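upload-v9.txt (compact mmCIF, C-alpha atoms and all ligand atoms)
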# COMPACT_ATOMS: atom_id res chain seq x y z
CA MET A 153 7.07 1.61 20.65
CA SER A 154 5.21 3.43 23.38
CA LEU A 155 2.61 5.16 21.31
CA PRO A 156 -0.51 5.33 23.45
CA LEU A 157 -3.52 3.57 22.05
CA GLY A 158 -6.00 5.80 20.38
CA LYS A 159 -3.52 8.54 19.79
CA ILE A 160 -4.46 10.38 16.67
CA ILE A 161 -1.69 10.83 14.22
CA VAL A 162 -2.69 13.40 11.70
CA MET A 163 -1.26 12.44 8.37
CA ARG A 164 -2.14 15.05 5.89
CA HIS A 165 -0.87 17.35 3.31
CA THR A 166 1.88 19.14 5.20
CA SER A 167 2.00 22.41 3.38
CA LYS A 168 -0.71 24.53 1.86
CA SER A 169 1.82 26.06 -0.45
CA ILE A 170 2.43 22.72 -2.16
CA ALA A 171 -1.27 22.35 -2.82
CA THR A 172 -1.40 25.87 -4.17
CA ILE A 173 1.55 25.24 -6.42
CA ALA A 174 -0.11 22.06 -7.64
CA ALA A 175 -3.30 23.91 -8.42
CA LEU A 176 -1.47 26.77 -10.12
CA SER A 177 0.68 24.58 -12.28
CA PHE A 178 -2.44 22.76 -13.32
CA VAL A 179 -4.13 25.99 -14.37
CA ILE A 180 -1.10 26.99 -16.39
CA SER A 181 -0.79 23.66 -18.13
CA SER A 182 -4.48 23.54 -18.93
CA CYS A 183 -4.22 26.99 -20.55
CA ASP A 184 -1.21 25.94 -22.56
CA SER A 185 -2.83 23.02 -24.22
CA SER A 186 -6.25 21.73 -25.04
CA THR A 187 -6.00 19.07 -22.35
CA SER A 188 -8.73 16.59 -21.74
CA LYS A 189 -11.28 16.65 -18.97
CA GLU A 190 -9.39 13.84 -17.24
CA THR A 191 -6.68 16.27 -16.23
CA VAL A 192 -9.22 18.54 -14.59
CA GLU A 193 -10.41 15.76 -12.30
CA THR A 194 -6.93 15.11 -10.91
CA PRO A 195 -5.09 18.42 -10.62
CA SER A 196 -2.34 16.91 -8.47
CA ASP A 197 -1.33 14.31 -11.06
CA SER A 198 2.11 14.69 -12.60
CA THR A 199 2.94 17.45 -10.16
CA TYR A 200 5.58 15.74 -8.09
CA ALA A 201 8.71 13.73 -8.69
CA PRO A 202 8.40 9.94 -8.42
CA VAL A 203 8.36 8.80 -4.80
CA GLU A 204 11.31 6.45 -5.35
CA THR A 205 14.62 8.28 -5.36
CA LYS A 206 17.06 5.40 -4.80
CA ASP A 207 19.02 3.77 -7.61
CA ALA A 208 17.50 0.69 -9.16
CA ASN A 209 19.30 -2.66 -8.79
CA THR A 210 19.35 -3.07 -12.56
CA ASP A 211 19.43 -0.99 -15.71
CA TYR A 212 16.48 -2.89 -17.14
CA ALA A 213 14.10 -0.72 -19.13
CA PRO A 214 10.35 -0.88 -18.56
CA ALA A 215 8.15 -2.29 -21.32
CA PHE A 216 6.07 0.88 -21.44
CA GLU A 217 5.96 4.35 -19.97
CA GLY A 218 4.33 4.36 -16.58
CA GLN A 219 5.30 0.80 -15.65
CA THR A 220 7.53 2.01 -12.81
CA ARG A 221 8.38 5.27 -11.02
CA VAL A 222 5.32 7.22 -12.13
CA ALA A 223 4.60 10.73 -10.90
CA GLY A 224 4.39 11.20 -7.16
CA LEU A 225 1.13 12.27 -5.56
CA LYS A 226 0.00 13.80 -2.31
CA THR A 227 -3.46 13.37 -0.86
CA ILE A 228 -5.07 16.79 -0.40
CA THR A 229 -8.15 15.84 1.63
CA PRO A 230 -7.11 15.78 5.30
CA PHE A 231 -7.01 12.25 6.66
CA GLU A 232 -5.86 10.66 9.86
CA ALA A 233 -4.40 7.36 11.00
CA THR A 234 -5.24 6.03 14.44
CA VAL A 235 -3.59 3.13 16.25
CA LEU A 236 -6.64 1.19 17.44
CA ALA A 237 -4.69 -1.64 19.04
CA ASP A 238 -1.08 -2.70 19.40
CA GLY A 239 -1.39 -6.06 21.10
CA LEU A 240 -1.81 -8.34 18.11
CA ASN A 241 0.69 -11.17 17.70
CA ARG A 242 2.08 -11.04 14.13
CA PRO A 243 -1.26 -10.22 12.47
CA TRP A 244 -1.46 -11.33 8.84
CA GLY A 245 -4.93 -11.04 7.32
CA ILE A 246 -8.12 -9.03 7.88
CA ALA A 247 -11.72 -9.81 6.93
CA ASN A 248 -14.91 -7.87 7.65
CA LEU A 249 -17.69 -9.33 9.74
CA PRO A 250 -21.18 -8.16 8.70
CA ASP A 251 -21.48 -5.89 11.75
CA GLY A 252 -18.26 -4.06 10.92
CA ARG A 253 -15.95 -5.82 13.36
CA LEU A 254 -12.78 -7.33 11.94
CA LEU A 255 -11.59 -10.93 11.91
CA ILE A 256 -7.80 -10.89 12.12
CA THR A 257 -5.45 -13.84 11.70
CA GLU A 258 -2.23 -14.08 13.67
CA LYS A 259 0.71 -15.88 12.12
CA GLU A 260 1.28 -18.28 15.01
CA GLY A 261 -2.14 -19.81 14.41
CA THR A 262 -4.62 -17.75 16.37
CA LEU A 263 -7.62 -15.79 15.22
CA ARG A 264 -9.11 -12.73 16.93
CA ILE A 265 -12.00 -10.35 16.47
CA ALA A 266 -11.35 -6.63 16.78
CA SER A 267 -14.15 -4.18 17.44
CA GLN A 268 -14.12 -0.94 15.47
CA ALA A 269 -12.87 0.70 18.65
CA GLY A 270 -9.91 -1.69 18.66
CA ASN A 271 -10.94 -4.03 21.48
CA LEU A 272 -9.51 -7.49 20.84
CA SER A 273 -11.22 -10.77 21.66
CA GLU A 274 -9.45 -13.71 23.24
CA ALA A 275 -7.83 -16.09 20.78
CA ILE A 276 -10.43 -18.13 18.92
CA THR A 277 -9.70 -21.87 19.12
CA GLY A 278 -10.46 -24.84 16.89
CA LEU A 279 -8.27 -24.10 13.91
CA PRO A 280 -5.99 -26.88 12.63
CA ALA A 281 -2.31 -26.61 13.57
CA VAL A 282 -0.14 -24.39 11.42
CA ASN A 283 3.58 -24.53 10.75
CA SER A 284 4.58 -20.97 11.52
CA ASN A 285 8.29 -21.27 10.73
CA GLY A 286 9.71 -18.72 8.33
CA GLN A 287 6.95 -17.13 6.27
CA GLY A 288 4.40 -19.76 7.23
CA GLY A 289 1.52 -19.67 9.64
CA LEU A 290 -2.12 -18.69 9.70
CA LEU A 291 -2.39 -16.41 6.66
CA GLY A 292 -5.30 -14.88 4.74
CA ILE A 293 -8.96 -15.08 5.76
CA THR A 294 -12.39 -14.34 4.33
CA ILE A 295 -15.99 -15.04 5.22
CA ASP A 296 -18.67 -16.84 3.26
CA PRO A 297 -20.96 -14.58 1.17
CA ASN A 298 -23.79 -16.19 3.19
CA PHE A 299 -22.02 -15.79 6.52
CA GLU A 300 -25.06 -14.27 8.17
CA SER A 301 -26.92 -17.54 7.76
CA ASN A 302 -24.10 -20.14 7.80
CA ARG A 303 -21.32 -18.39 9.81
CA MET A 304 -18.67 -20.04 7.61
CA VAL A 305 -15.10 -18.72 7.57
CA TYR A 306 -12.35 -19.68 5.09
CA TRP A 307 -8.62 -19.27 5.65
CA VAL A 308 -5.20 -20.15 4.24
CA PHE A 309 -2.38 -21.63 6.29
CA SER A 310 0.87 -23.50 5.99
CA GLN A 311 0.34 -27.13 6.86
CA ASP A 312 2.77 -29.86 7.84
CA THR A 313 2.54 -33.00 5.75
CA PRO A 314 4.86 -36.02 5.55
CA GLY A 315 6.57 -34.59 2.47
CA GLY A 316 7.07 -31.10 3.86
CA THR A 317 4.86 -28.06 4.24
CA LEU A 318 2.31 -26.69 1.81
CA THR A 319 -0.24 -23.92 1.42
CA ALA A 320 -3.63 -25.26 2.50
CA VAL A 321 -7.16 -23.86 2.58
CA ALA A 322 -9.61 -24.67 5.36
CA LYS A 323 -13.10 -23.71 6.39
CA GLY A 324 -15.15 -23.88 9.56
CA ARG A 325 -18.11 -22.35 11.34
CA LEU A 326 -17.57 -19.48 13.73
CA ALA A 327 -19.35 -20.62 16.88
CA ASP A 328 -22.28 -18.54 18.10
CA ASP A 329 -20.25 -17.51 21.16
CA GLU A 330 -17.32 -16.58 18.87
CA LYS A 331 -14.89 -18.49 21.06
CA SER A 332 -14.09 -21.24 18.57
CA VAL A 333 -14.30 -22.36 14.98
CA GLU A 334 -16.39 -25.52 14.73
CA ASN A 335 -15.96 -28.46 12.34
CA ALA A 336 -12.81 -27.08 10.78
CA GLN A 337 -11.83 -29.01 7.69
CA VAL A 338 -9.05 -28.68 5.16
CA ILE A 339 -10.63 -28.32 1.72
CA TYR A 340 -7.58 -27.83 -0.50
CA GLN A 341 -3.84 -28.53 -0.45
CA ALA A 342 -1.54 -26.76 -2.91
CA THR A 343 0.76 -29.65 -3.76
CA PRO A 344 3.50 -30.67 -4.07
CA ALA A 345 4.68 -30.20 -0.48
CA HIS A 346 8.19 -28.93 0.00
CA LYS A 347 10.67 -28.93 2.85
CA GLY A 348 11.11 -25.20 3.22
CA ASN A 349 9.38 -22.32 4.95
CA LEU A 350 9.18 -19.53 2.37
CA HIS A 351 6.75 -18.23 -0.29
CA TYR A 352 3.36 -19.59 0.72
CA GLY A 353 1.30 -16.85 -0.97
CA GLY A 354 -1.77 -16.93 1.24
CA ARG A 355 -4.56 -14.53 0.25
CA ILE A 356 -8.14 -15.66 -0.27
CA LEU A 357 -11.32 -14.00 -1.48
CA PHE A 358 -14.71 -14.93 -2.87
CA ASP A 359 -15.72 -13.93 -6.37
CA LYS A 360 -19.22 -12.97 -7.52
CA THR A 361 -20.01 -16.56 -8.51
CA GLY A 362 -19.46 -17.88 -4.99
CA ASN A 363 -16.11 -19.46 -5.80
CA ILE A 364 -12.83 -18.73 -4.10
CA PHE A 365 -9.59 -17.22 -5.37
CA VAL A 366 -6.48 -18.36 -3.49
CA SER A 367 -2.91 -17.24 -4.10
CA THR A 368 0.17 -19.41 -3.66
CA GLY A 369 3.94 -19.00 -3.94
CA GLU A 370 6.65 -21.11 -5.58
CA ARG A 371 8.34 -21.89 -2.24
CA SER A 372 11.44 -19.85 -3.15
CA ASP A 373 14.02 -22.60 -3.63
CA ILE A 374 15.78 -23.09 -6.96
CA GLU A 375 14.31 -26.59 -7.35
CA THR A 376 10.70 -25.49 -6.80
CA ARG A 377 10.91 -22.19 -8.67
CA PRO A 378 10.21 -23.74 -12.12
CA LEU A 379 6.93 -25.15 -10.73
CA ALA A 380 5.46 -21.65 -11.17
CA GLN A 381 5.41 -22.56 -14.88
CA ASP A 382 4.19 -26.15 -14.34
CA LEU A 383 0.46 -26.56 -14.93
CA ASN A 384 0.54 -29.80 -12.94
CA ALA A 385 1.68 -28.07 -9.75
CA ALA A 386 -0.26 -25.63 -7.57
CA LEU A 387 2.80 -23.57 -6.66
CA GLY A 388 3.25 -20.03 -7.98
CA LYS A 389 -0.40 -19.75 -9.04
CA VAL A 390 -3.66 -17.95 -8.59
CA LEU A 391 -6.20 -20.72 -8.03
CA ARG A 392 -10.00 -20.70 -8.23
CA ILE A 393 -11.81 -23.36 -6.26
CA THR A 394 -15.31 -24.07 -5.01
CA PRO A 395 -16.21 -23.78 -1.30
CA ASN A 396 -15.61 -27.54 -1.16
CA GLY A 397 -12.12 -27.24 -2.57
CA ASP A 398 -12.83 -28.61 -6.04
CA PRO A 399 -11.72 -26.81 -9.21
CA ALA A 400 -14.27 -24.06 -9.89
CA PRO A 401 -16.41 -24.55 -13.00
CA GLY A 402 -15.40 -22.42 -15.95
CA ASN A 403 -11.72 -22.28 -15.08
CA PRO A 404 -9.38 -21.81 -18.06
CA PHE A 405 -7.80 -25.28 -18.00
CA GLU A 406 -10.99 -27.18 -17.29
CA GLY A 407 -11.11 -30.45 -19.21
CA ARG A 408 -7.43 -30.46 -20.13
CA SER A 409 -5.51 -33.60 -19.22
CA ASP A 410 -2.18 -31.77 -19.05
CA ALA A 411 -3.15 -29.14 -16.48
CA ARG A 412 -4.79 -28.85 -13.08
CA ALA A 413 -8.29 -27.50 -13.41
CA GLU A 414 -8.02 -25.32 -10.27
CA ILE A 415 -5.36 -23.09 -11.88
CA TYR A 416 -6.60 -19.65 -12.91
CA SER A 417 -3.28 -17.96 -13.75
CA TYR A 418 0.36 -18.98 -13.44
CA GLY A 419 3.96 -17.86 -13.54
CA HIS A 420 3.77 -16.10 -10.18
CA ARG A 421 6.50 -15.87 -7.55
CA ASN A 422 4.84 -15.16 -4.20
CA VAL A 423 1.38 -13.61 -4.29
CA GLN A 424 0.42 -11.93 -1.01
CA GLY A 425 -2.11 -9.48 -2.43
CA LEU A 426 -5.48 -10.07 -4.15
CA ALA A 427 -8.26 -7.54 -4.72
CA PHE A 428 -11.15 -6.81 -7.08
CA HIS A 429 -11.37 -3.45 -8.82
CA PRO A 430 -14.60 -1.82 -7.59
CA VAL A 431 -15.69 -0.65 -11.06
CA THR A 432 -14.32 -3.13 -13.58
CA GLY A 433 -14.57 -6.14 -11.26
CA ASP A 434 -11.17 -7.31 -12.52
CA LEU A 435 -8.95 -9.33 -10.21
CA TRP A 436 -5.64 -7.64 -9.40
CA GLU A 437 -2.71 -9.18 -7.54
CA GLY A 438 0.54 -8.09 -5.95
CA GLU A 439 3.59 -10.33 -5.75
CA PHE A 440 7.11 -10.24 -4.39
CA GLY A 441 9.90 -10.09 -6.90
CA PRO A 442 13.43 -11.03 -5.90
CA ARG A 443 15.94 -8.15 -5.56
CA GLY A 444 13.90 -5.64 -7.55
CA GLY A 445 10.87 -6.58 -9.60
CA ASP A 446 7.97 -6.52 -7.13
CA GLU A 447 4.85 -6.49 -9.28
CA VAL A 448 1.21 -5.53 -9.56
CA ASN A 449 -0.67 -7.54 -12.18
CA ARG A 450 -4.19 -7.54 -13.56
CA ILE A 451 -5.17 -11.19 -13.66
CA GLU A 452 -6.85 -12.74 -16.66
CA PRO A 453 -7.79 -16.41 -16.81
CA GLY A 454 -5.23 -18.82 -18.23
CA LYS A 455 -2.48 -16.25 -18.63
CA ASN A 456 1.18 -16.70 -17.80
CA TYR A 457 2.70 -13.91 -15.71
CA GLY A 458 6.24 -14.89 -16.48
CA TRP A 459 8.14 -15.94 -13.38
CA PRO A 460 10.92 -17.09 -13.49
CA ILE A 461 11.38 -16.63 -17.25
CA ILE A 462 10.96 -12.86 -17.20
CA THR A 463 11.55 -10.56 -14.23
CA TYR A 464 12.69 -7.02 -13.50
CA GLY A 465 14.75 -8.27 -10.56
CA LEU A 466 17.99 -10.03 -9.71
CA GLU A 467 18.90 -12.89 -7.40
CA TYR A 468 19.48 -11.69 -3.84
CA ASN A 469 23.21 -12.21 -4.43
CA GLY A 470 23.06 -9.86 -7.42
CA ASN A 471 23.29 -12.56 -10.11
CA LYS A 472 20.99 -12.36 -13.10
CA ILE A 473 17.95 -14.61 -13.18
CA GLY A 474 17.66 -17.07 -16.06
CA ASP A 475 18.50 -15.38 -19.33
CA ALA A 476 18.05 -11.94 -17.76
CA ILE A 477 15.10 -11.08 -19.96
CA GLN A 478 12.21 -8.85 -18.97
CA GLN A 479 9.80 -9.27 -21.86
CA GLN A 480 8.77 -12.21 -23.98
CA ASP A 481 5.85 -12.94 -26.29
CA GLY A 482 3.13 -14.89 -24.54
CA LEU A 483 4.17 -13.73 -21.10
CA GLU A 484 2.20 -10.96 -19.40
CA GLN A 485 3.84 -7.72 -18.36
CA PRO A 486 3.14 -6.38 -14.88
CA VAL A 487 0.92 -3.30 -14.79
CA TYR A 488 3.53 -1.82 -12.45
CA TYR A 489 6.79 -2.83 -10.83
CA TRP A 490 9.20 -1.58 -8.17
CA ASP A 491 12.99 -1.62 -8.09
CA PRO A 492 14.09 -1.32 -5.30
CA VAL A 493 11.26 -3.31 -3.84
CA LEU A 494 8.11 -2.41 -1.95
CA SER A 495 7.65 -5.94 -0.47
CA PRO A 496 3.94 -5.93 -1.31
CA SER A 497 1.71 -7.88 1.03
CA GLY A 498 -2.06 -7.39 1.42
CA MET A 499 -3.89 -4.95 -0.81
CA THR A 500 -7.28 -3.42 -1.41
CA PHE A 501 -9.04 -0.99 -3.69
CA PHE A 502 -10.69 2.00 -2.05
CA ALA A 503 -14.38 1.93 -2.96
CA GLY A 504 -16.48 5.03 -2.32
CA ASN A 505 -15.45 8.65 -2.16
CA SER A 506 -15.18 9.61 1.52
CA ILE A 507 -11.73 10.79 0.46
CA PRO A 508 -12.54 11.82 -3.12
CA GLU A 509 -9.07 11.44 -4.61
CA TRP A 510 -8.81 7.90 -3.21
CA GLU A 511 -11.84 6.54 -5.08
CA ASN A 512 -10.86 3.31 -6.91
CA ASN A 513 -7.19 3.73 -5.92
CA LEU A 514 -5.17 0.63 -5.04
CA PHE A 515 -3.57 0.52 -1.57
CA ILE A 516 -0.80 -1.99 -0.92
CA ALA A 517 0.76 -2.87 2.43
CA GLY A 518 4.55 -2.63 2.19
CA LEU A 519 6.82 -4.69 4.45
CA SER A 520 10.50 -3.81 4.01
CA SER A 521 9.48 -0.45 2.52
CA VAL A 522 7.57 0.35 5.75
CA HIS A 523 4.72 2.25 4.16
CA ILE A 524 1.40 1.79 2.42
CA ALA A 525 1.60 2.47 -1.29
CA ARG A 526 -1.29 4.34 -2.88
CA LEU A 527 -1.59 3.84 -6.64
CA VAL A 528 -3.94 5.85 -8.82
CA ILE A 529 -5.07 3.76 -11.76
CA LYS A 530 -6.63 4.92 -15.01
CA ASP A 531 -7.53 2.57 -17.84
CA ASN A 532 -5.58 -0.24 -16.13
CA LYS A 533 -2.38 1.80 -15.93
CA VAL A 534 -0.79 3.38 -12.88
CA VAL A 535 -0.69 7.16 -13.20
CA GLY A 536 0.35 8.24 -9.70
CA GLU A 537 1.98 6.89 -6.55
CA GLU A 538 2.03 8.11 -2.96
CA ARG A 539 3.67 6.71 0.16
CA LEU A 540 1.42 6.75 3.19
CA LEU A 541 2.37 6.37 6.88
CA GLU A 542 6.07 6.21 6.05
CA ASP A 543 6.89 7.99 9.32
CA GLU A 544 5.31 5.14 11.28
CA ALA A 545 8.21 2.87 10.25
CA GLN A 546 5.99 -0.21 10.40
CA ARG A 547 6.09 -3.37 8.31
CA PHE A 548 2.53 -3.27 6.92
CA ARG A 549 1.16 -6.80 6.39
CA ASP A 550 -2.38 -6.18 5.24
CA VAL A 551 -4.61 -3.25 4.33
CA HIS A 552 -8.32 -3.73 4.00
CA GLN A 553 -11.39 -1.54 3.57
CA GLY A 554 -13.81 -1.77 6.48
CA LYS A 555 -17.59 -1.65 6.39
CA ASP A 556 -17.40 2.00 7.46
CA GLY A 557 -15.36 2.88 4.36
CA ALA A 558 -12.11 3.49 6.24
CA LEU A 559 -8.95 1.52 5.63
CA TYR A 560 -7.71 -0.85 8.32
CA ALA A 561 -4.11 -2.01 8.33
CA VAL A 562 -2.09 -4.41 10.47
CA THR A 563 1.66 -4.48 11.00
CA ASP A 564 4.19 -7.14 11.93
CA SER A 565 4.76 -5.39 15.26
CA GLY A 566 1.12 -6.00 16.18
CA ARG A 567 -0.60 -2.72 15.46
CA LEU A 568 -4.05 -2.23 14.01
CA TYR A 569 -4.53 1.13 12.29
CA ARG A 570 -7.65 2.88 11.11
CA ILE A 571 -7.02 5.31 8.25
CA GLY A 572 -9.84 7.59 7.20
CA LYS A 573 -11.01 11.11 6.57
CA LYS A 574 -10.04 13.52 9.33
CA GLN A 575 -13.03 13.97 11.62
CA CA A 601 5.59 -11.33 -13.68

Rewrite the structure from the file as structure tokens, please.
Amino acid sequence: MSLPLGKIIVMRHTSKSIATIAALSFVISSCDSSTSKETVETPSDSTYAPVETKDANTDYAPAFEGQTRVAGLKTITPFEATVLADGLNRPWGIANLPDGRLLITEKEGTLRIASQAGNLSEAITGLPAVNSNGQGGLLGITIDPNFESNRMVYWVFSQDTPGGTLTAVAKGRLADDEKSVENAQVIYQATPAHKGNLHYGGRILFDKTGNIFVSTGERSDIETRPLAQDLNAALGKVLRITPNGDPAPGNPFEGRSDARAEIYSYGHRNVQGLAFHPVTGDLWEGEFGPRGGDEVNRIEPGKNYGWPIITYGLEYNGNKIGDAIQQQDGLEQPVYYWDPVLSPSGMTFFAGNSIPEWENNLFIAGLSSVHIARLVIKDNKVVGEERLLEDEAQRFRDVHQGKDGALYAVTDSGRLYRIGKKQ
């Protein structure tokens, strides 16, 4: 990979004729029927074939129309992607600092600050040791809502304990000289520990009440998989905790003796994406399915998202999972799923309208699929999908909206991209 830093890669609508065709077909269809105003706002919707053209791993039928393989889309507003840096070491998570610079975790346990021009700081020291084997390491990161006064940073990592590794949450103060994190302390451990190195989840973000959402995984192995359904285990969950690591007040299982009060939702496999919708404020998540069955879910408190009872995927060896059912009363359906898989890691909603058709869209970093998925969402359903930066052939680990409104993405090969309106 010898792409020079700062090289501008123009990623835009490749052919004017396609846009014209899209506009024309829209005019025709709107004459043919008394279509609603919604169609007018998105003339490119339903114009293209679904972006996925490969066979699915299963013949499972979706629970509703639009749950998978929706209409393909193409962004019309010219945009560009720039490689700001390519020297990161397995970057994993991105958070904004108040001045617009980015805090970026690196899987092996280091933390760096990137300027908006892409200059990287030295590794920031003072973080507790991580176990970076397999999928473990230093994972998601966020800053305190009052960072400007307290300089507190919160992160997720895989921690060694006597019984194995686990997903842990820690916090510390970013030193004034930004060379270290001071007084780092582990505030939460997602027990039980397990001797394995897969499915740690790992995203973290603050909600409006000043509490923290954290995602975990079920650690992948057959013996831990059922813990996604166990309300006395923190594996395979979305958790909501206070900045001190206690269960957040108002959680759905608060006061119940048969459940952990930090659990917010359950029945998840491996949640590497969390984001709030800019308009509704709802929490959305993305999680890895097995072979097929990667999911996007809209998270509601106390609900069961099904794994491993229902899934649209198969075991990696092709065997069916459980009773091979995809829908069951009491278990939530994903808003959207992929088969074959996207490998969804970090995700973000695009707030603002610097690229008008991107407003309130969901962007998801794809690993094995080597692209960023753009999903257009209306009334909590996915109505369009586009693949971005596919030609870059990068494993995208996180995508995040910066203070300047552009998207920033990191890849397993160490690149930091800025993706925004063409200047
Ligand atoms: Ca599910």

Option closest in space to Gln575 (chain A), from A:Glu544, A:Glu217, A:Glu232, A:Asp410 [counting all atoms listed in the file]: A:Glu232

Option closest in space to ligand CA 601 (chain A), from A:Gly566, A:Gly407, A:Gly504, A:Gly445 [counting only C-alpha atoms and all ligand atoms]: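 For ligand CA 601 (chain A), the nearest of the candidates is A:Gly445.
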
Counting only C-alpha atoms and all ligand atoms, name the residues that have an atom within 10 Å of an atom of ligand CA 601 (chain A); the answer should be given as a PyMOL selection string. chain A and resi 418-421+438-441+445-449+456-464+478-479+483-489

Mind checking which residues fall within 7 Å of Gly316 (chain A), counting all atoms listed in the file, ignoring those fewer than 6 positions away in the same chain, and posting them as JSON, numbers by chain? {"A": [345, 346, 347]}

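A straight line drawn from CA of Ala275 (chain A) to CA of Asp564 (chain A) is 17.4 Å long.
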
Closest of A:Leu357, A:Leu272, A:Leu326, A:Leu240 to Thr294 (chain A), counting only C-alpha atoms, is A:Leu357

Tell me which protein, DNA and RNA residues are within 9 Å of Asp382 (chain A), counting only C-alpha atoms, leaving out same-chain ones fewer than 4 positions away, and put them as a ChimeraX atom specification. /A:378,386-388,411,418-419

File dump, residues just selected, C-alpha atoms, as a PDB file, in the coordinates of the input:
ATOM      1  CA  PRO A 378      10.210 -23.740 -12.120  1.00  0.00           C
ATOM      2  CA  ALA A 386      -0.260 -25.630  -7.570  1.00  0.00           C
ATOM      3  CA  LEU A 387       2.800 -23.570  -6.660  1.00  0.00           C
ATOM      4  CA  GLY A 388       3.250 -20.030  -7.980  1.00  0.00           C
ATOM      5  CA  ALA A 411      -3.150 -29.140 -16.480  1.00  0.00           C
ATOM      6  CA  TYR A 418       0.360 -18.980 -13.440  1.00  0.00           C
ATOM      7  CA  GLY A 419       3.960 -17.860 -13.540  1.00  0.00           C
TER       8      GLY A 419
END

Could you state the separation of CA of Val308 (chain A) and CA of Leu540 (chain A) in Å, given to one decimal place?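 Between CA of Val308 (chain A) and CA of Leu540 (chain A) the gap is 27.7 Å.
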
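The closest residue to Thr394 (chain A), picked from A:Ser367, A:Phe299, A:Ser417, A:Phe358 and counting only C-alpha atoms, is A:Phe358.
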
Near Glu452 (chain A), counting all atoms listed in the file, which residues have an atom at most 8 Å away, once you skip same-chain residues fewer than 2 positions from it, shown as a PDB file with C-alpha atoms, in the frame of the given file?
ATOM      1  CA  TYR A 416      -6.600 -19.650 -12.910  1.00  0.00           C
ATOM      2  CA  SER A 417      -3.280 -17.960 -13.750  1.00  0.00           C
ATOM      3  CA  LEU A 435      -8.950  -9.330 -10.210  1.00  0.00           C
ATOM      4  CA  ARG A 450      -4.190  -7.540 -13.560  1.00  0.00           C
ATOM      5  CA  GLY A 454      -5.230 -18.820 -18.230  1.00  0.00           C
ATOM      6  CA  LYS A 455      -2.480 -16.250 -18.630  1.00  0.00           C
TER       7      LYS A 455
END

Could you please determine the separation between CA of Leu255 (chain A) and CA of Tyr306 (chain A) in Å, to one decimal place?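 According to the coordinates, CA of Leu255 (chain A) and CA of Tyr306 (chain A) are separated by 11.1 Å.
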
Pick the closest to Ala320 (chain A) from A:Ala342, A:Ala233, A:Val423, A:Ile516: which is it, counting all atoms listed in the file?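 Looking only at the distances to Ala320 (chain A), the closest residue turns out to be A:Ala342.
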